[in-house]
file start-v1.cif (mmCIF, C-alpha atoms and all ligand atoms)
data_upload
#
loop_
_atom_site.label_atom_id
_atom_site.label_comp_id
_atom_site.auth_asym_id
_atom_site.auth_seq_id
_atom_site.Cartn_x
_atom_site.Cartn_y
_atom_site.Cartn_z
CA MET A 24 0.00 0.00 0.00
CA TYR A 25 1.25 3.46 -0.81
CA VAL A 26 2.42 5.31 2.32
CA PHE A 27 1.82 9.01 2.12
CA GLN A 28 4.48 11.27 3.63
CA PRO A 29 3.00 14.78 3.85
CA SER A 30 6.17 16.58 5.03
CA ARG A 31 8.22 15.33 2.09
CA SER A 32 5.55 16.32 -0.44
CA GLY A 33 5.16 19.69 1.27
CA ARG A 34 8.89 20.38 1.10
CA ARG A 35 9.04 19.38 -2.51
CA SER A 36 6.20 21.70 -3.44
CA ARG A 37 7.81 24.65 -1.66
CA SER A 38 11.28 24.12 -3.13
CA GLY A 39 10.05 23.17 -6.56
CA GLY A 40 7.42 25.85 -6.66
CA TYR A 41 5.27 23.89 -9.07
CA LEU A 42 2.63 22.83 -6.59
CA ARG A 43 0.69 25.67 -4.99
CA ARG A 44 -0.83 25.20 -1.54
CA PRO A 45 -4.47 24.76 -2.67
CA ALA A 46 -3.32 22.14 -5.16
CA LEU A 47 -1.25 20.44 -2.47
CA LYS A 48 -4.26 20.39 -0.17
CA LEU A 49 -6.35 18.75 -2.87
CA LEU A 50 -3.62 16.19 -3.48
CA VAL A 51 -3.36 15.35 0.22
CA THR A 52 -7.14 14.97 0.47
CA ALA A 53 -7.23 12.71 -2.57
CA MET A 54 -4.37 10.57 -1.31
CA PHE A 55 -5.93 10.25 2.12
CA ALA A 56 -9.20 9.13 0.53
CA ALA A 57 -7.31 6.64 -1.64
CA SER A 58 -5.45 5.23 1.37
CA ILE A 59 -8.76 4.68 3.19
CA ALA A 60 -10.15 2.89 0.16
CA LEU A 61 -7.12 0.58 0.11
CA VAL A 62 -7.50 -0.56 3.72
CA PRO A 63 -9.08 -4.02 3.60
CA THR A 64 -12.57 -4.27 5.06
CA ALA A 65 -12.42 -5.56 8.61
CA ALA A 66 -13.59 -9.17 9.04
CA PRO A 67 -16.88 -9.52 10.89
CA ALA A 68 -16.40 -9.70 14.65
CA ASP A 69 -16.10 -13.16 16.15
CA THR A 70 -18.89 -12.45 18.62
CA ARG A 71 -22.26 -11.09 17.63
CA ALA A 72 -25.53 -10.73 19.49
CA PHE A 73 -28.91 -10.48 17.82
CA ASP A 74 -32.32 -9.61 19.18
CA ASP A 75 -35.27 -11.74 18.12
CA ARG A 76 -38.83 -10.54 18.10
CA GLN A 77 -40.51 -11.01 21.45
CA GLY A 78 -44.00 -12.46 21.69
CA ASP A 79 -43.99 -14.07 18.22
CA VAL A 80 -44.88 -17.39 19.88
CA ARG A 81 -47.03 -17.84 22.95
CA HIS A 82 -44.83 -20.21 24.96
CA GLY A 83 -41.89 -19.54 27.23
CA MET A 84 -39.27 -20.82 24.77
CA ASP A 85 -39.92 -17.64 22.74
CA ILE A 86 -36.40 -16.61 21.70
CA HIS A 87 -35.48 -13.09 22.76
CA LYS A 88 -31.77 -12.98 22.04
CA VAL A 89 -29.10 -15.05 20.29
CA ARG A 90 -25.40 -14.61 20.97
CA ILE A 91 -22.87 -16.33 18.73
CA HIS A 92 -19.23 -16.54 19.71
CA ASN A 93 -16.94 -18.11 17.11
CA GLU A 94 -13.49 -18.48 18.59
CA GLN A 95 -11.72 -21.62 19.84
CA ARG A 96 -15.17 -23.13 20.12
CA LEU A 97 -18.42 -22.09 18.59
CA VAL A 98 -20.57 -21.04 21.54
CA ILE A 99 -24.24 -20.21 20.96
CA THR A 100 -26.28 -18.77 23.81
CA THR A 101 -29.98 -18.04 23.55
CA ARG A 102 -32.18 -16.15 25.95
CA HIS A 103 -35.86 -17.00 26.19
CA ARG A 104 -38.90 -15.52 27.83
CA ARG A 105 -38.97 -18.48 30.24
CA VAL A 106 -37.03 -21.70 29.90
CA GLN A 107 -39.52 -24.55 30.06
CA PRO A 108 -39.65 -28.18 28.89
CA GLY A 109 -39.11 -28.37 25.15
CA GLN A 110 -36.43 -28.74 22.51
CA ILE A 111 -33.90 -26.54 20.84
CA ALA A 112 -32.03 -26.91 17.56
CA PHE A 113 -29.00 -24.92 16.44
CA TYR A 114 -28.43 -25.23 12.69
CA ILE A 115 -24.90 -24.40 11.61
CA ASP A 116 -24.09 -23.47 8.06
CA THR A 117 -20.51 -23.49 6.84
CA ARG A 118 -21.06 -23.29 3.06
CA PRO A 119 -23.70 -21.41 1.14
CA ALA A 120 -26.38 -23.57 -0.57
CA THR A 121 -27.73 -26.98 0.47
CA GLY A 122 -28.75 -25.69 3.91
CA PRO A 123 -26.84 -26.23 7.15
CA GLU A 124 -24.04 -28.81 7.28
CA TYR A 125 -24.55 -29.50 11.00
CA ALA A 126 -27.28 -29.43 13.61
CA PHE A 127 -27.12 -29.47 17.38
CA PHE A 128 -30.30 -30.92 18.90
CA ALA A 129 -31.01 -30.80 22.60
CA GLY A 130 -33.75 -31.22 25.14
CA VAL A 131 -34.64 -28.40 27.49
CA GLY A 132 -36.20 -28.64 30.91
CA PHE A 133 -35.73 -32.31 31.80
CA GLY A 134 -32.34 -33.80 31.09
CA THR A 135 -29.50 -32.31 29.14
CA ASP A 136 -29.18 -34.83 26.32
CA TRP A 137 -27.82 -33.46 23.09
CA ALA A 138 -26.41 -34.63 19.78
CA ILE A 139 -24.57 -33.09 16.86
CA VAL A 140 -25.43 -34.51 13.46
CA ARG A 141 -24.58 -33.85 9.84
CA MET A 142 -27.23 -32.26 7.67
CA ARG A 143 -27.92 -31.75 4.01
CA ASN A 144 -30.88 -29.91 2.50
CA TRP A 145 -32.26 -29.51 6.03
CA ARG A 146 -32.30 -33.27 6.61
CA VAL A 147 -30.20 -35.35 8.96
CA VAL A 148 -27.72 -37.44 6.96
CA SER A 149 -25.64 -38.86 9.86
CA ASP A 150 -26.12 -42.48 10.88
CA GLY A 151 -25.67 -41.33 14.47
CA PRO A 152 -24.34 -38.44 16.52
CA ARG A 153 -20.88 -37.11 15.82
CA HIS A 154 -18.24 -37.98 18.39
CA CYS A 155 -16.48 -34.71 19.11
CA PRO A 156 -16.01 -32.41 22.11
CA SER A 157 -19.11 -30.40 22.93
CA ASP A 158 -21.04 -29.17 25.92
CA TYR A 159 -24.57 -28.09 26.68
CA SER A 160 -26.51 -26.49 29.51
CA PHE A 161 -29.61 -24.47 30.24
CA SER A 162 -30.55 -22.26 33.16
CA ARG A 163 -33.99 -21.53 34.53
CA ARG A 164 -32.44 -18.75 36.62
CA THR A 165 -31.18 -16.75 33.62
CA ASP A 166 -33.60 -18.28 31.07
CA THR A 167 -30.69 -19.14 28.81
CA VAL A 168 -29.59 -22.14 26.79
CA ARG A 169 -25.94 -22.63 25.84
CA ALA A 170 -24.22 -24.93 23.37
CA SER A 171 -20.45 -25.14 23.08
CA ILE A 172 -19.15 -26.91 19.98
CA SER A 173 -15.52 -27.72 19.22
CA ARG A 174 -14.07 -27.00 15.80
CA ALA A 175 -13.60 -30.75 15.35
CA CYS A 176 -17.40 -31.08 15.28
CA LEU A 177 -17.45 -28.63 12.37
CA ASP A 178 -14.55 -30.24 10.50
CA GLY A 179 -12.49 -27.12 11.23
CA ALA A 180 -14.80 -24.70 9.41
CA ASP A 181 -13.82 -21.09 10.00
CA ARG A 182 -16.83 -18.96 9.28
CA VAL A 183 -20.31 -20.02 10.27
CA ARG A 184 -23.84 -18.77 10.26
CA VAL A 185 -26.51 -19.97 12.60
CA SER A 186 -30.26 -20.55 12.63
CA VAL A 187 -32.13 -21.41 15.83
CA LYS A 188 -35.41 -23.23 16.39
CA ALA A 189 -36.95 -23.52 19.85
CA ASN A 190 -40.24 -25.07 20.86
CA ASP A 191 -42.03 -26.22 23.95
CA GLN A 192 -43.47 -29.71 24.19
CA ASP A 193 -46.51 -29.30 22.03
CA ARG A 194 -46.65 -25.82 20.55
CA GLY A 195 -45.12 -24.49 17.39
CA PRO A 196 -41.50 -23.44 17.18
CA ASP A 197 -39.93 -20.01 17.34
CA TRP A 198 -37.32 -19.63 14.60
CA ALA A 199 -34.58 -17.00 14.81
CA PRO A 200 -34.01 -15.02 12.69
CA GLY A 201 -36.85 -16.72 10.74
CA TYR A 202 -37.96 -20.05 9.31
CA ARG A 203 -34.82 -21.70 7.87
CA ARG A 204 -33.08 -18.36 7.75
CA PHE A 205 -29.62 -17.60 9.12
CA PHE A 206 -28.01 -14.79 11.03
CA PRO A 207 -25.05 -13.17 9.20
CA TRP A 208 -21.77 -15.01 8.70
CA ILE A 209 -19.37 -14.77 11.62
CA ALA A 210 -15.67 -15.26 11.02
CA HIS A 211 -13.51 -17.39 13.29
CA GLY A 212 -11.77 -14.99 15.71
CA CA B 1 -39.00 -14.72 19.41
#
call {"tool": "encode", "arguments": {"input": "start-v1.cif", "output": "structure tokens"}}
result
Amino acid sequence: MYVFQPSRSGRRSRSGGYLRRPALKLLVTAMFAASIALVPTAAPADTRAFDDRQGDVRHGMDIHKVRIHNEQRLVITTRHRRVQPGQIAFYIDTRPATGPEYAFFAGVGFGTDWAIVRMRNWRVVSDGPRHCPSDYSFSRRTDTVRASISRACLDGADRVRVSVKANDQDRGPDWAPGYRRFFPWIAHG
């Protein structure tokens, strides 16, 4: 990238006399603008939090907030109106098209069983759960659900985008950000 040195250009214009001050000012402004344009766009942050519409479903598993942290592990935390018996699914996309490559399914409210499976076109294609380091918990005190997924579970994928589905035992699900839609891509920090 071109490094602009204002003092050198200024000296040259004074000694040479061919570049008047207004012209020099214009040149500096143009170069500064060009240098900004050359700076690469910053990668998306490795942690993002998104609000989901409140009250779009009538049960306590109504998703209010989704926080996605993509660093050593992918950690997804959701906050609900009231954690109650039900299920949650985190769909993880690592490549555009063909839907999510992975899903994390878990029970809420009773035990803490969970499984990570491979997906294609929104269908499970694994014979069984993947054997890789992961963790899961939920809290009735903070009304949160948390999944922690190692990079091994995601075959080392760097950037991910996430879709969440939460439902209680017998009422329709709340999808965040929407039915089979994903939050923006989040780069590995
Ligand atoms: Ca909601």
call {"tool": "closest_residue", "arguments": {"input": "start-v1.cif", "among": "A:Asn144, A:Gln110, A:Thr165, A:Gln77", "to": "Gly132 in chain A", "atoms": "only C-alpha atoms"}}
result
A:Gln110
call {"tool": "residues_around", "arguments": {"input": "start-v1.cif", "residues": "range 166-174 of chain A", "least_positions_apart": "6", "cutoff": "7 Å", "atoms": "only C-alpha atoms", "output": "PDB file with C-alpha atoms, in the coordinates of the input"}}
result
ATOM      1  CA  ARG A  96     -15.170 -23.130  20.120  1.00  0.00           C
ATOM      2  CA  LEU A  97     -18.420 -22.090  18.590  1.00  0.00           C
ATOM      3  CA  VAL A  98     -20.570 -21.040  21.540  1.00  0.00           C
ATOM      4  CA  ILE A  99     -24.240 -20.210  20.960  1.00  0.00           C
ATOM      5  CA  THR A 100     -26.280 -18.770  23.810  1.00  0.00           C
ATOM      6  CA  THR A 101     -29.980 -18.040  23.550  1.00  0.00           C
ATOM      7  CA  ARG A 102     -32.180 -16.150  25.950  1.00  0.00           C
ATOM      8  CA  HIS A 103     -35.860 -17.000  26.190  1.00  0.00           C
ATOM      9  CA  ARG A 104     -38.900 -15.520  27.830  1.00  0.00           C
ATOM     10  CA  ARG A 105     -38.970 -18.480  30.240  1.00  0.00           C
ATOM     11  CA  VAL A 106     -37.030 -21.700  29.900  1.00  0.00           C
ATOM     12  CA  PRO A 156     -16.010 -32.410  22.110  1.00  0.00           C
ATOM     13  CA  SER A 157     -19.110 -30.400  22.930  1.00  0.00           C
ATOM     14  CA  ASP A 158     -21.040 -29.170  25.920  1.00  0.00           C
ATOM     15  CA  TYR A 159     -24.570 -28.090  26.680  1.00  0.00           C
ATOM     16  CA  SER A 160     -26.510 -26.490  29.510  1.00  0.00           C
ATOM     17  CA  ALA A 180     -14.800 -24.700   9.410  1.00  0.00           C
TER      18      ALA A 180
END
call {"tool": "atom_distance", "arguments": {"input": "start-v1.cif", "atom1": "CA of His154 in chain A", "atom2": "CA of Thr117 in chain A"}}
result
18.7 Å
call {"tool": "closest_atom_pairs", "arguments": {"input": "start-v1.cif", "of": "chain A", "to": "ligand CA 1 (chain B)", "cutoff": "8 Å", "atoms": "all atoms listed in the file", "output": "JSON lines"}}
result
{"residue": "A:Asp75", "atom": "CA", "partner": "B:CA1", "partner_atom": "CA", "distance": 4.9}
{"residue": "A:Arg76", "atom": "CA", "partner": "B:CA1", "partner_atom": "CA", "distance": 4.4}
{"residue": "A:Gln77", "atom": "CA", "partner": "B:CA1", "partner_atom": "CA", "distance": 4.5}
{"residue": "A:Gly78", "atom": "CA", "partner": "B:CA1", "partner_atom": "CA", "distance": 5.9}
{"residue": "A:Asp79", "atom": "CA", "partner": "B:CA1", "partner_atom": "CA", "distance": 5.2}
{"residue": "A:Val80", "atom": "CA", "partner": "B:CA1", "partner_atom": "CA", "distance": 6.5}
{"residue": "A:Asp85", "atom": "CA", "partner": "B:CA1", "partner_atom": "CA", "distance": 4.5}
{"residue": "A:Ile86", "atom": "CA", "partner": "B:CA1", "partner_atom": "CA", "distance": 3.9}
{"residue": "A:His87", "atom": "CA", "partner": "B:CA1", "partner_atom": "CA", "distance": 5.1}
{"residue": "A:Lys88", "atom": "CA", "partner": "B:CA1", "partner_atom": "CA", "distance": 7.9}
{"residue": "A:His103", "atom": "CA", "partner": "B:CA1", "partner_atom": "CA", "distance": 7.8}
{"residue": "A:Asp197", "atom": "CA", "partner": "B:CA1", "partner_atom": "CA", "distance": 5.8}
{"residue": "A:Trp198", "atom": "CA", "partner": "B:CA1", "partner_atom": "CA", "distance": 7.1}
{"residue": "A:Ala199", "atom": "CA", "partner": "B:CA1", "partner_atom": "CA", "distance": 6.8}
call {"tool": "residues_near_point", "arguments": {"input": "start-v1.cif", "point": "(-34.0, -19.1, 10.2)", "cutoff": "9 Å", "atoms": "only C-alpha atoms", "output": "PyMOL selection string"}}
result
chain A and resi 114+185-188+198-206
call {"tool": "residues_near_point", "arguments": {"input": "start-v1.cif", "point": "(-24.7, -34.0, 11.7)", "cutoff": "8 Å", "atoms": "all atoms listed in the file", "output": "list in words"}}
result
Glu124, Tyr125, Ala126, Phe127, Ile139, Val140, Arg141, Met142, Val147, Val148, Ser149, Gly151, Pro152 and Arg153 of chain A
call {"tool": "atom_distance", "arguments": {"input": "start-v1.cif", "atom1": "CA of Ala129 in chain A", "atom2": "CA of Val89 in chain A"}}
result
16.0 Å
call {"tool": "closest_residue", "arguments": {"input": "start-v1.cif", "among": "A:Trp145, A:Gln192, A:Ala175, A:Gly134", "to": "Ala120 in chain A", "atoms": "all atoms listed in the file"}}
result
A:Trp145
call {"tool": "atom_distance", "arguments": {"input": "start-v1.cif", "atom1": "CA of Gln95 in chain A", "atom2": "CA of Trp137 in chain A"}}
result
20.2 Å
call {"tool": "axis_aligned_box", "arguments": {"input": "start-v1.cif", "around": "range 172-183 of chain A", "padding_each_side": "6 Å", "output": "AutoDock Vina command-line options"}}
result
--center_x -16.4 --center_y -25.0 --center_z 14.6 --size_x 19.8 --size_y 24.1 --size_z 22.7
call {"tool": "build_atoms", "arguments": {"input": "start-v1.cif", "residues": "range 179-205 of chain A", "atoms": "N, CA and C atoms", "output": "PDB file, in the frame of the given file"}}
result
ATOM      1  N   GLY A 179     -13.425 -28.233  11.304  1.00  0.00           N
ATOM      2  CA  GLY A 179     -12.490 -27.120  11.230  1.00  0.00           C
ATOM      3  C   GLY A 179     -12.985 -25.900  10.470  1.00  0.00           C
ATOM      4  N   ALA A 180     -14.266 -25.845  10.170  1.00  0.00           N
ATOM      5  CA  ALA A 180     -14.800 -24.700   9.410  1.00  0.00           C
ATOM      6  C   ALA A 180     -14.513 -23.389  10.138  1.00  0.00           C
ATOM      7  N   ASP A 181     -14.140 -22.377   9.389  1.00  0.00           N
ATOM      8  CA  ASP A 181     -13.820 -21.090  10.000  1.00  0.00           C
ATOM      9  C   ASP A 181     -15.059 -20.241  10.209  1.00  0.00           C
ATOM     10  N   ARG A 182     -15.685 -19.844   9.128  1.00  0.00           N
ATOM     11  CA  ARG A 182     -16.830 -18.960   9.280  1.00  0.00           C
ATOM     12  C   ARG A 182     -18.114 -19.784   9.324  1.00  0.00           C
ATOM     13  N   VAL A 183     -19.045 -19.299  10.092  1.00  0.00           N
ATOM     14  CA  VAL A 183     -20.310 -20.020  10.270  1.00  0.00           C
ATOM     15  C   VAL A 183     -21.455 -19.019  10.257  1.00  0.00           C
ATOM     16  N   ARG A 184     -22.626 -19.534   9.978  1.00  0.00           N
ATOM     17  CA  ARG A 184     -23.840 -18.770  10.260  1.00  0.00           C
ATOM     18  C   ARG A 184     -24.838 -19.727  10.879  1.00  0.00           C
ATOM     19  N   VAL A 185     -25.719 -19.155  11.689  1.00  0.00           N
ATOM     20  CA  VAL A 185     -26.510 -19.970  12.600  1.00  0.00           C
ATOM     21  C   VAL A 185     -27.998 -19.647  12.444  1.00  0.00           C
ATOM     22  N   SER A 186     -28.809 -20.686  12.557  1.00  0.00           N
ATOM     23  CA  SER A 186     -30.260 -20.550  12.630  1.00  0.00           C
ATOM     24  C   SER A 186     -30.715 -21.303  13.870  1.00  0.00           C
ATOM     25  N   VAL A 187     -31.691 -20.778  14.578  1.00  0.00           N
ATOM     26  CA  VAL A 187     -32.130 -21.410  15.830  1.00  0.00           C
ATOM     27  C   VAL A 187     -33.624 -21.688  15.771  1.00  0.00           C
ATOM     28  N   LYS A 188     -33.988 -22.875  16.272  1.00  0.00           N
ATOM     29  CA  LYS A 188     -35.410 -23.230  16.390  1.00  0.00           C
ATOM     30  C   LYS A 188     -35.659 -23.696  17.827  1.00  0.00           C
ATOM     31  N   ALA A 189     -36.644 -23.125  18.471  1.00  0.00           N
ATOM     32  CA  ALA A 189     -36.950 -23.520  19.850  1.00  0.00           C
ATOM     33  C   ALA A 189     -38.441 -23.768  19.966  1.00  0.00           C
ATOM     34  N   ASN A 190     -38.813 -24.858  20.631  1.00  0.00           N
ATOM     35  CA  ASN A 190     -40.240 -25.070  20.860  1.00  0.00           C
ATOM     36  C   ASN A 190     -40.478 -25.677  22.238  1.00  0.00           C
ATOM     37  N   ASP A 191     -41.683 -25.535  22.719  1.00  0.00           N
ATOM     38  CA  ASP A 191     -42.030 -26.220  23.950  1.00  0.00           C
ATOM     39  C   ASP A 191     -42.560 -27.598  23.559  1.00  0.00           C
ATOM     40  N   GLN A 192     -43.166 -28.312  24.483  1.00  0.00           N
ATOM     41  CA  GLN A 192     -43.470 -29.710  24.190  1.00  0.00           C
ATOM     42  C   GLN A 192     -44.505 -29.889  23.098  1.00  0.00           C
ATOM     43  N   ASP A 193     -45.468 -29.025  23.027  1.00  0.00           N
ATOM     44  CA  ASP A 193     -46.510 -29.300  22.030  1.00  0.00           C
ATOM     45  C   ASP A 193     -46.965 -28.068  21.256  1.00  0.00           C
ATOM     46  N   ARG A 194     -46.239 -26.980  21.354  1.00  0.00           N
ATOM     47  CA  ARG A 194     -46.650 -25.820  20.550  1.00  0.00           C
ATOM     48  C   ARG A 194     -45.575 -25.485  19.526  1.00  0.00           C
ATOM     49  N   GLY A 195     -45.973 -24.760  18.543  1.00  0.00           N
ATOM     50  CA  GLY A 195     -45.120 -24.490  17.390  1.00  0.00           C
ATOM     51  C   GLY A 195     -43.830 -23.789  17.730  1.00  0.00           C
ATOM     52  N   PRO A 196     -42.820 -23.966  16.881  1.00  0.00           N
ATOM     53  CA  PRO A 196     -41.500 -23.440  17.180  1.00  0.00           C
ATOM     54  C   PRO A 196     -41.368 -21.940  16.937  1.00  0.00           C
ATOM     55  N   ASP A 197     -40.386 -21.369  17.631  1.00  0.00           N
ATOM     56  CA  ASP A 197     -39.930 -20.010  17.340  1.00  0.00           C
ATOM     57  C   ASP A 197     -38.607 -20.166  16.577  1.00  0.00           C
ATOM     58  N   TRP A 198     -38.549 -19.608  15.383  1.00  0.00           N
ATOM     59  CA  TRP A 198     -37.320 -19.630  14.600  1.00  0.00           C
ATOM     60  C   TRP A 198     -36.647 -18.259  14.703  1.00  0.00           C
ATOM     61  N   ALA A 199     -35.335 -18.260  14.833  1.00  0.00           N
ATOM     62  CA  ALA A 199     -34.580 -17.000  14.810  1.00  0.00           C
ATOM     63  C   ALA A 199     -33.417 -17.158  13.827  1.00  0.00           C
ATOM     64  N   PRO A 200     -33.226 -16.242  12.871  1.00  0.00           N
ATOM     65  CA  PRO A 200     -34.010 -15.020  12.690  1.00  0.00           C
ATOM     66  C   PRO A 200     -35.325 -15.259  11.961  1.00  0.00           C
ATOM     67  N   GLY A 201     -35.606 -16.424  11.449  1.00  0.00           N
ATOM     68  CA  GLY A 201     -36.850 -16.720  10.740  1.00  0.00           C
ATOM     69  C   GLY A 201     -36.795 -18.174  10.279  1.00  0.00           C
ATOM     70  N   TYR A 202     -37.878 -18.660   9.737  1.00  0.00           N
ATOM     71  CA  TYR A 202     -37.960 -20.050   9.310  1.00  0.00           C
ATOM     72  C   TYR A 202     -36.848 -20.384   8.297  1.00  0.00           C
ATOM     73  N   ARG A 203     -35.944 -21.262   8.704  1.00  0.00           N
ATOM     74  CA  ARG A 203     -34.820 -21.700   7.870  1.00  0.00           C
ATOM     75  C   ARG A 203     -33.994 -20.539   7.324  1.00  0.00           C
ATOM     76  N   ARG A 204     -33.933 -19.489   8.116  1.00  0.00           N
ATOM     77  CA  ARG A 204     -33.080 -18.360   7.750  1.00  0.00           C
ATOM     78  C   ARG A 204     -31.926 -18.267   8.740  1.00  0.00           C
ATOM     79  N   PHE A 205     -30.834 -17.656   8.291  1.00  0.00           N
ATOM     80  CA  PHE A 205     -29.620 -17.600   9.120  1.00  0.00           C
ATOM     81  C   PHE A 205     -29.289 -16.166   9.516  1.00  0.00           C
TER      82      PHE A 205
END
